[in-house]
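A.B. asks: Let me begin by handing over the structure; questions about it come next.
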Amino acid sequence: MIDALTPSSGYTRSEGIAYGGDPRQRLDVYRPVTAMPGNPVVVFFYGGSWNSGERGKYRFVGRALAMRGILTVVADYRLYPQVRYPDFLHDNALAVAWTRQHAAEFGGNPRRLFLMGHSSGAYNAAMLALDPAFLKSAGMSPADLSGWIGLAGPYDFLPIDNVEVRPVFFYPDSPPQSQPINHVAAGQPPALLIAAKSDSYVNPARNTAGLAKRLREVGVPVQEHYLGRVNHMTLIGSMAWPLAWMAPVTDELVEFVRTTP
């Protein structure tokens, strides 16, 4: 369905589009009235420890990016206990493949495609960008991506401390290949990694800085930013206009999308 937003809102929203047969395989599309040059597209995956979350709670992300001229897709995906690793990543890949196939219908450029996620959603984006198996299963390749953006992502978290996350990754037999940092290789898409300086949920030194260092070592273009005043949750919350004063997250990711070749 098309939301009853008018062009004066700066964007329109198309809701509940199926990219697969499961009720959780649905997405919303936020189309800017005035697109950024190049008509870039961002697919966003939310966090929630792979056991909670729904796209309707992240309208502020779609709005923030669409208002800046970026066609934005916010996708649901199956969660634990319905699925475990790696099934939700295959859902993510299907959502990206749907976006690539249909972006032009909404005014987007499928050759300017970015992935983005927060927390466990940043993990999802990282895995699709770094491990070619998932996009390959959907008929794509990481080479089809212009870049990816991770906000407060867990990229290197074995052994798992969070008891809610343990069953998602078959603790204590969590597979090493489940970790994004173990898939870094030369030639991967450029990355923008943003984290709060102080994050009690996901250690930024081990995860954000650790992954950035590994990417840099193999020559992958990577930018990393550490922000004060925000924490794990308000980092993404600052994309909502009432909290925009807390951190320039939207500005930084829009600039990354605008300037990445």
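Residues are referred to by chain and number: the chain letter is A, B, ... according to the order shown in the structure tokens, the number counts from 1 in that chain, and ligands are numbered separately from 1 in the order shown.
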Name all residues at most 6 Å from range 146-156 of chain A (count only C-alpha atoms; drop same-chain ones fewer than 4 positions away) and give them as a VMD selection string.
C.D. replies: chain A and resid 112 to 119 122 to 123 179 to 181 189 to 195 207
A.B. asks: Would you please give, as a VMD selection string, all residues of range 69-228 of chain A that DSSP assigns to helix (DSSP H, G or I) based on the backbone?
C.D. replies: chain A and resid 87 to 106 120 to 130 132 to 137 142 to 144 166 to 169 176 to 178 180 to 183 205 to 217
A.B. asks: Can you write out the residues you just picked, keeping C-alpha atoms, as a PDB file, in the first residue's frame?
C.D. replies:
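Wrote it out as result-v9.pdb, contents follow:
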ATOM      1  CA  ASP A  87      18.670 -18.230   8.031  1.00  0.00           C
ATOM      2  CA  PHE A  88      17.958 -14.582   8.831  1.00  0.00           C
ATOM      3  CA  LEU A  89      20.923 -13.626   6.646  1.00  0.00           C
ATOM      4  CA  HIS A  90      19.313 -15.369   3.699  1.00  0.00           C
ATOM      5  CA  ASP A  91      16.205 -13.251   4.362  1.00  0.00           C
ATOM      6  CA  ASN A  92      18.371 -10.136   4.323  1.00  0.00           C
ATOM      7  CA  ALA A  93      19.914 -11.216   1.028  1.00  0.00           C
ATOM      8  CA  LEU A  94      16.468 -11.731  -0.505  1.00  0.00           C
ATOM      9  CA  ALA A  95      15.453  -8.233   0.606  1.00  0.00           C
ATOM     10  CA  VAL A  96      18.565  -6.772  -1.013  1.00  0.00           C
ATOM     11  CA  ALA A  97      17.947  -8.725  -4.228  1.00  0.00           C
ATOM     12  CA  TRP A  98      14.345  -7.476  -4.305  1.00  0.00           C
ATOM     13  CA  THR A  99      15.614  -3.926  -3.871  1.00  0.00           C
ATOM     14  CA  ARG A 100      18.138  -4.251  -6.656  1.00  0.00           C
ATOM     15  CA  GLN A 101      15.464  -5.629  -8.968  1.00  0.00           C
ATOM     16  CA  HIS A 102      12.819  -3.020  -8.164  1.00  0.00           C
ATOM     17  CA  ALA A 103      14.784   0.123  -7.187  1.00  0.00           C
ATOM     18  CA  ALA A 104      14.314   1.771 -10.575  1.00  0.00           C
ATOM     19  CA  GLU A 105      10.523   1.501 -10.199  1.00  0.00           C
ATOM     20  CA  PHE A 106      10.828   3.861  -7.223  1.00  0.00           C
ATOM     21  CA  SER A 120      22.638  -6.865  15.173  1.00  0.00           C
ATOM     22  CA  GLY A 121      21.373  -5.265  11.967  1.00  0.00           C
ATOM     23  CA  ALA A 122      24.881  -3.897  11.397  1.00  0.00           C
ATOM     24  CA  TYR A 123      26.138  -7.463  11.791  1.00  0.00           C
ATOM     25  CA  ASN A 124      23.673  -8.512   9.089  1.00  0.00           C
ATOM     26  CA  ALA A 125      24.878  -5.792   6.735  1.00  0.00           C
ATOM     27  CA  ALA A 126      28.495  -6.722   7.422  1.00  0.00           C
ATOM     28  CA  MET A 127      27.931 -10.395   6.723  1.00  0.00           C
ATOM     29  CA  LEU A 128      26.250  -9.671   3.393  1.00  0.00           C
ATOM     30  CA  ALA A 129      29.053  -7.317   2.405  1.00  0.00           C
ATOM     31  CA  LEU A 130      31.918  -9.549   3.563  1.00  0.00           C
ATOM     32  CA  PRO A 132      29.802 -13.639  -0.597  1.00  0.00           C
ATOM     33  CA  ALA A 133      27.799 -16.802   0.118  1.00  0.00           C
ATOM     34  CA  PHE A 134      24.665 -14.933   1.231  1.00  0.00           C
ATOM     35  CA  LEU A 135      24.234 -12.552  -1.679  1.00  0.00           C
ATOM     36  CA  LYS A 136      25.230 -15.377  -4.035  1.00  0.00           C
ATOM     37  CA  SER A 137      22.269 -17.381  -2.731  1.00  0.00           C
ATOM     38  CA  PRO A 142      29.149  -8.040  -2.806  1.00  0.00           C
ATOM     39  CA  ALA A 143      30.563  -6.457  -5.954  1.00  0.00           C
ATOM     40  CA  ASP A 144      27.002  -5.272  -6.641  1.00  0.00           C
ATOM     41  CA  ARG A 166      23.631 -17.657  22.648  1.00  0.00           C
ATOM     42  CA  PRO A 167      20.926 -19.934  21.199  1.00  0.00           C
ATOM     43  CA  VAL A 168      20.812 -17.908  17.975  1.00  0.00           C
ATOM     44  CA  PHE A 169      24.386 -19.009  17.255  1.00  0.00           C
ATOM     45  CA  PRO A 176      33.720 -19.205  13.642  1.00  0.00           C
ATOM     46  CA  GLN A 177      32.377 -18.446  10.164  1.00  0.00           C
ATOM     47  CA  SER A 178      29.505 -16.587  11.823  1.00  0.00           C
ATOM     48  CA  PRO A 180      32.196 -10.865  10.078  1.00  0.00           C
ATOM     49  CA  ILE A 181      35.809 -10.205  11.028  1.00  0.00           C
ATOM     50  CA  ASN A 182      36.722 -13.688   9.775  1.00  0.00           C
ATOM     51  CA  HIS A 183      35.544 -12.855   6.245  1.00  0.00           C
ATOM     52  CA  ALA A 205      37.244  -1.149  20.577  1.00  0.00           C
ATOM     53  CA  ARG A 206      36.934  -4.843  19.830  1.00  0.00           C
ATOM     54  CA  ASN A 207      34.205  -4.633  17.222  1.00  0.00           C
ATOM     55  CA  THR A 208      34.258  -1.329  15.330  1.00  0.00           C
ATOM     56  CA  ALA A 209      37.962  -0.551  15.730  1.00  0.00           C
ATOM     57  CA  GLY A 210      38.939  -4.198  15.302  1.00  0.00           C
ATOM     58  CA  LEU A 211      37.041  -4.602  12.053  1.00  0.00           C
ATOM     59  CA  ALA A 212      38.221  -1.250  10.715  1.00  0.00           C
ATOM     60  CA  LYS A 213      41.834  -2.237  11.381  1.00  0.00           C
ATOM     61  CA  ARG A 214      41.412  -5.559   9.598  1.00  0.00           C
ATOM     62  CA  LEU A 215      39.732  -3.936   6.587  1.00  0.00           C
ATOM     63  CA  ARG A 216      42.441  -1.302   6.367  1.00  0.00           C
ATOM     64  CA  GLU A 217      45.164  -3.951   6.469  1.00  0.00           C
TER      65      GLU A 217
END
A.B. asks: Would you work out the distance separating CA of Pro204 in chain A from CA of Gly62 in chain A, expressed in Å to one decimal?
C.D. replies: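 CA of Gly62 in chain A lies 25.1 Å from CA of Pro204 in chain A.
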A.B. asks: Give the answer as one residue: which of A:Leu145, A:Asn231, A:Tyr85, A:Gly139 has the shortest atom-to-atom distance to Asn203 in chain A, using only C-alpha atoms?
C.D. replies: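 Among the listed residues, A:Asn231 lies closest to Asn203 in chain A.
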A.B. asks: Could you list, as a PDB file with N, CA and C atoms, in the first residue's frame, every residue within 7 Å of range 27-37 of chain A, counting only C-alpha atoms and ignoring same-chain residues fewer than 4 positions away?
C.D. replies:
ATOM      1  N   PRO A   7       3.517  14.907  -1.485  1.00  0.00           N
ATOM      2  CA  PRO A   7       4.861  15.329  -1.860  1.00  0.00           C
ATOM      3  C   PRO A   7       5.445  16.386  -0.939  1.00  0.00           C
ATOM      4  N   GLY A  10       8.051  15.511   1.628  1.00  0.00           N
ATOM      5  CA  GLY A  10       9.425  15.256   1.233  1.00  0.00           C
ATOM      6  C   GLY A  10       9.676  13.842   0.773  1.00  0.00           C
ATOM      7  N   TYR A  11       8.723  12.959   1.004  1.00  0.00           N
ATOM      8  CA  TYR A  11       8.884  11.564   0.606  1.00  0.00           C
ATOM      9  C   TYR A  11       7.515  10.893   0.622  1.00  0.00           C
ATOM     10  N   THR A  12       7.435   9.748   0.002  1.00  0.00           N
ATOM     11  CA  THR A  12       6.264   8.889   0.110  1.00  0.00           C
ATOM     12  C   THR A  12       6.713   7.526   0.600  1.00  0.00           C
ATOM     13  N   ARG A  13       5.808   6.805   1.222  1.00  0.00           N
ATOM     14  CA  ARG A  13       6.138   5.493   1.796  1.00  0.00           C
ATOM     15  C   ARG A  13       5.218   4.426   1.221  1.00  0.00           C
ATOM     16  N   SER A  14       5.793   3.342   0.735  1.00  0.00           N
ATOM     17  CA  SER A  14       5.046   2.174   0.280  1.00  0.00           C
ATOM     18  C   SER A  14       5.279   1.063   1.294  1.00  0.00           C
ATOM     19  N   GLU A  15       4.217   0.543   1.888  1.00  0.00           N
ATOM     20  CA  GLU A  15       4.334  -0.345   3.042  1.00  0.00           C
ATOM     21  C   GLU A  15       3.975  -1.785   2.727  1.00  0.00           C
ATOM     22  N   GLY A  16       4.622  -2.687   3.473  1.00  0.00           N
ATOM     23  CA  GLY A  16       4.213  -4.077   3.502  1.00  0.00           C
ATOM     24  C   GLY A  16       4.429  -4.839   2.213  1.00  0.00           C
ATOM     25  N   ILE A  17       5.460  -4.506   1.469  1.00  0.00           N
ATOM     26  CA  ILE A  17       5.744  -5.197   0.216  1.00  0.00           C
ATOM     27  C   ILE A  17       6.435  -6.526   0.511  1.00  0.00           C
ATOM     28  N   ALA A  18       5.943  -7.598  -0.086  1.00  0.00           N
ATOM     29  CA  ALA A  18       6.508  -8.929   0.151  1.00  0.00           C
ATOM     30  C   ALA A  18       7.749  -9.143  -0.708  1.00  0.00           C
ATOM     31  N   GLY A  62      13.897   5.640   7.785  1.00  0.00           N
ATOM     32  CA  GLY A  62      13.468   5.842   6.404  1.00  0.00           C
ATOM     33  C   GLY A  62      13.193   7.297   6.098  1.00  0.00           C
ATOM     34  N   ARG A  63      12.533   7.970   7.047  1.00  0.00           N
ATOM     35  CA  ARG A  63      12.223   9.385   6.853  1.00  0.00           C
ATOM     36  C   ARG A  63      13.492  10.221   6.776  1.00  0.00           C
ATOM     37  N   ALA A  66      15.251   9.524   3.386  1.00  0.00           N
ATOM     38  CA  ALA A  66      14.463   9.965   2.233  1.00  0.00           C
ATOM     39  C   ALA A  66      14.399  11.492   2.169  1.00  0.00           C
ATOM     40  N   MET A  67      14.316  12.133   3.322  1.00  0.00           N
ATOM     41  CA  MET A  67      14.290  13.597   3.341  1.00  0.00           C
ATOM     42  C   MET A  67      15.600  14.199   2.838  1.00  0.00           C
ATOM     43  N   GLY A  69      17.178  12.736   0.287  1.00  0.00           N
ATOM     44  CA  GLY A  69      17.273  12.366  -1.119  1.00  0.00           C
ATOM     45  C   GLY A  69      17.665  10.941  -1.413  1.00  0.00           C
ATOM     46  N   ILE A  70      17.636  10.062  -0.390  1.00  0.00           N
ATOM     47  CA  ILE A  70      18.068   8.676  -0.570  1.00  0.00           C
ATOM     48  C   ILE A  70      16.866   7.741  -0.542  1.00  0.00           C
ATOM     49  N   LEU A  71      16.668   6.978  -1.600  1.00  0.00           N
ATOM     50  CA  LEU A  71      15.647   5.945  -1.600  1.00  0.00           C
ATOM     51  C   LEU A  71      16.023   4.900  -0.548  1.00  0.00           C
ATOM     52  N   THR A  72      15.109   4.640   0.390  1.00  0.00           N
ATOM     53  CA  THR A  72      15.442   3.806   1.539  1.00  0.00           C
ATOM     54  C   THR A  72      14.458   2.666   1.691  1.00  0.00           C
ATOM     55  N   VAL A  73      14.994   1.480   1.940  1.00  0.00           N
ATOM     56  CA  VAL A  73      14.189   0.283   2.180  1.00  0.00           C
ATOM     57  C   VAL A  73      14.455  -0.185   3.608  1.00  0.00           C
ATOM     58  N   VAL A  74      13.396  -0.385   4.377  1.00  0.00           N
ATOM     59  CA  VAL A  74      13.495  -0.909   5.739  1.00  0.00           C
ATOM     60  C   VAL A  74      12.821  -2.275   5.746  1.00  0.00           C
ATOM     61  N   ALA A  75      13.585  -3.314   6.043  1.00  0.00           N
ATOM     62  CA  ALA A  75      13.103  -4.680   5.864  1.00  0.00           C
ATOM     63  C   ALA A  75      12.958  -5.417   7.186  1.00  0.00           C
ATOM     64  N   ASP A  76      11.842  -6.112   7.343  1.00  0.00           N
ATOM     65  CA  ASP A  76      11.723  -7.127   8.382  1.00  0.00           C
ATOM     66  C   ASP A  76      12.437  -8.389   7.925  1.00  0.00           C
ATOM     67  N   PHE A 106      11.044   2.822  -8.232  1.00  0.00           N
ATOM     68  CA  PHE A 106      10.828   3.861  -7.223  1.00  0.00           C
ATOM     69  C   PHE A 106      11.771   5.046  -7.422  1.00  0.00           C
TER      70      PHE A 106
END
A.B. asks: Hey, what does DSSP flag as strand (DSSP E or B) within range 84-163 of chain A? Can you give it to me as a list of chain:residue names?
C.D. replies: A:Leu113, A:Phe114, A:Leu115, A:Met116, A:Gly117, A:His118, A:Gly147, A:Trp148, A:Ile149, A:Gly150, A:Leu151
A.B. asks: For the selection you just gave me, I'd like the residues written to a file as a short mmCIF file (atom, residue, chain, number, x, y, z; two decimals), in the first residue's frame, keeping N, CA and C atoms.
C.D. replies:
data_model
loop_
_atom_site.label_atom_id
_atom_site.label_comp_id
_atom_site.auth_asym_id
_atom_site.auth_seq_id
_atom_site.Cartn_x
_atom_site.Cartn_y
_atom_site.Cartn_z
N LEU A 113 23.87 1.03 -4.73
CA LEU A 113 23.18 0.30 -3.67
C LEU A 113 24.07 0.15 -2.44
N PHE A 114 23.54 0.57 -1.28
CA PHE A 114 24.26 0.50 -0.02
C PHE A 114 23.46 -0.33 0.99
N LEU A 115 24.17 -1.02 1.87
CA LEU A 115 23.54 -1.69 3.00
C LEU A 115 23.85 -0.90 4.27
N MET A 116 22.93 -0.96 5.23
CA MET A 116 23.11 -0.24 6.49
C MET A 116 22.40 -1.00 7.59
N GLY A 117 22.98 -0.98 8.79
CA GLY A 117 22.31 -1.62 9.91
C GLY A 117 22.80 -1.06 11.23
N HIS A 118 21.97 -1.27 12.25
CA HIS A 118 22.33 -0.88 13.61
C HIS A 118 22.38 -2.12 14.49
N GLY A 147 28.71 0.17 -1.17
CA GLY A 147 29.30 0.28 0.15
C GLY A 147 28.33 -0.18 1.21
N TRP A 148 28.79 -0.16 2.47
CA TRP A 148 27.91 -0.53 3.57
C TRP A 148 28.25 0.29 4.80
N ILE A 149 27.24 0.42 5.68
CA ILE A 149 27.33 1.29 6.86
C ILE A 149 26.94 0.48 8.08
N GLY A 150 27.81 0.46 9.08
CA GLY A 150 27.53 -0.25 10.32
C GLY A 150 27.49 0.69 11.50
N LEU A 151 26.39 0.69 12.25
CA LEU A 151 26.24 1.50 13.46
C LEU A 151 26.27 0.58 14.67
#
A.B. asks: Just to confirm, what's the straight-line distance from CA of Arg26 in chain A to CA of Arg55 in chain A in Å (one decimal)?
C.D. replies: 8.7 Å
A.B. asks: Would you kindly return, as a PDB file with N, CA and C atoms, in the first residue's frame, each protein, DNA or RNA residue with an atom no farther than 9 Å from any atom of Val61 in chain A, considering only C-alpha atoms and excluding same-chain residues fewer than 4 positions away?
C.D. replies:
ATOM      1  N   PHE A  44      18.119  -0.868   4.931  1.00  0.00           N
ATOM      2  CA  PHE A  44      18.418  -0.782   6.359  1.00  0.00           C
ATOM      3  C   PHE A  44      17.894  -2.001   7.109  1.00  0.00           C
ATOM      4  N   LEU A  65      16.530   9.510   5.893  1.00  0.00           N
ATOM      5  CA  LEU A  65      17.309   9.336   4.673  1.00  0.00           C
ATOM      6  C   LEU A  65      16.548   9.820   3.444  1.00  0.00           C
ATOM      7  N   ALA A  66      15.251   9.524   3.386  1.00  0.00           N
ATOM      8  CA  ALA A  66      14.463   9.965   2.233  1.00  0.00           C
ATOM      9  C   ALA A  66      14.399  11.492   2.169  1.00  0.00           C
ATOM     10  N   THR A  72      15.109   4.640   0.390  1.00  0.00           N
ATOM     11  CA  THR A  72      15.442   3.806   1.539  1.00  0.00           C
ATOM     12  C   THR A  72      14.458   2.666   1.691  1.00  0.00           C
ATOM     13  N   VAL A  74      13.396  -0.385   4.377  1.00  0.00           N
ATOM     14  CA  VAL A  74      13.495  -0.909   5.739  1.00  0.00           C
ATOM     15  C   VAL A  74      12.821  -2.275   5.746  1.00  0.00           C
ATOM     16  N   ILE A 236      21.474   5.328  17.158  1.00  0.00           N
ATOM     17  CA  ILE A 236      20.495   5.222  16.086  1.00  0.00           C
ATOM     18  C   ILE A 236      19.334   6.196  16.331  1.00  0.00           C
ATOM     19  N   GLY A 237      19.003   6.413  17.595  1.00  0.00           N
ATOM     20  CA  GLY A 237      17.919   7.339  17.924  1.00  0.00           C
ATOM     21  C   GLY A 237      18.183   8.747  17.443  1.00  0.00           C
ATOM     22  N   MET A 239      18.975   9.690  14.705  1.00  0.00           N
ATOM     23  CA  MET A 239      18.475   9.898  13.346  1.00  0.00           C
ATOM     24  C   MET A 239      17.045  10.434  13.344  1.00  0.00           C
ATOM     25  N   ALA A 240      16.364  10.345  14.484  1.00  0.00           N
ATOM     26  CA  ALA A 240      15.043  10.958  14.623  1.00  0.00           C
ATOM     27  C   ALA A 240      15.232  12.450  14.901  1.00  0.00           C
ATOM     28  N   THR A 250      23.189  11.099  10.900  1.00  0.00           N
ATOM     29  CA  THR A 250      22.580  11.221   9.572  1.00  0.00           C
ATOM     30  C   THR A 250      23.499  11.969   8.624  1.00  0.00           C
TER      31      THR A 250
END
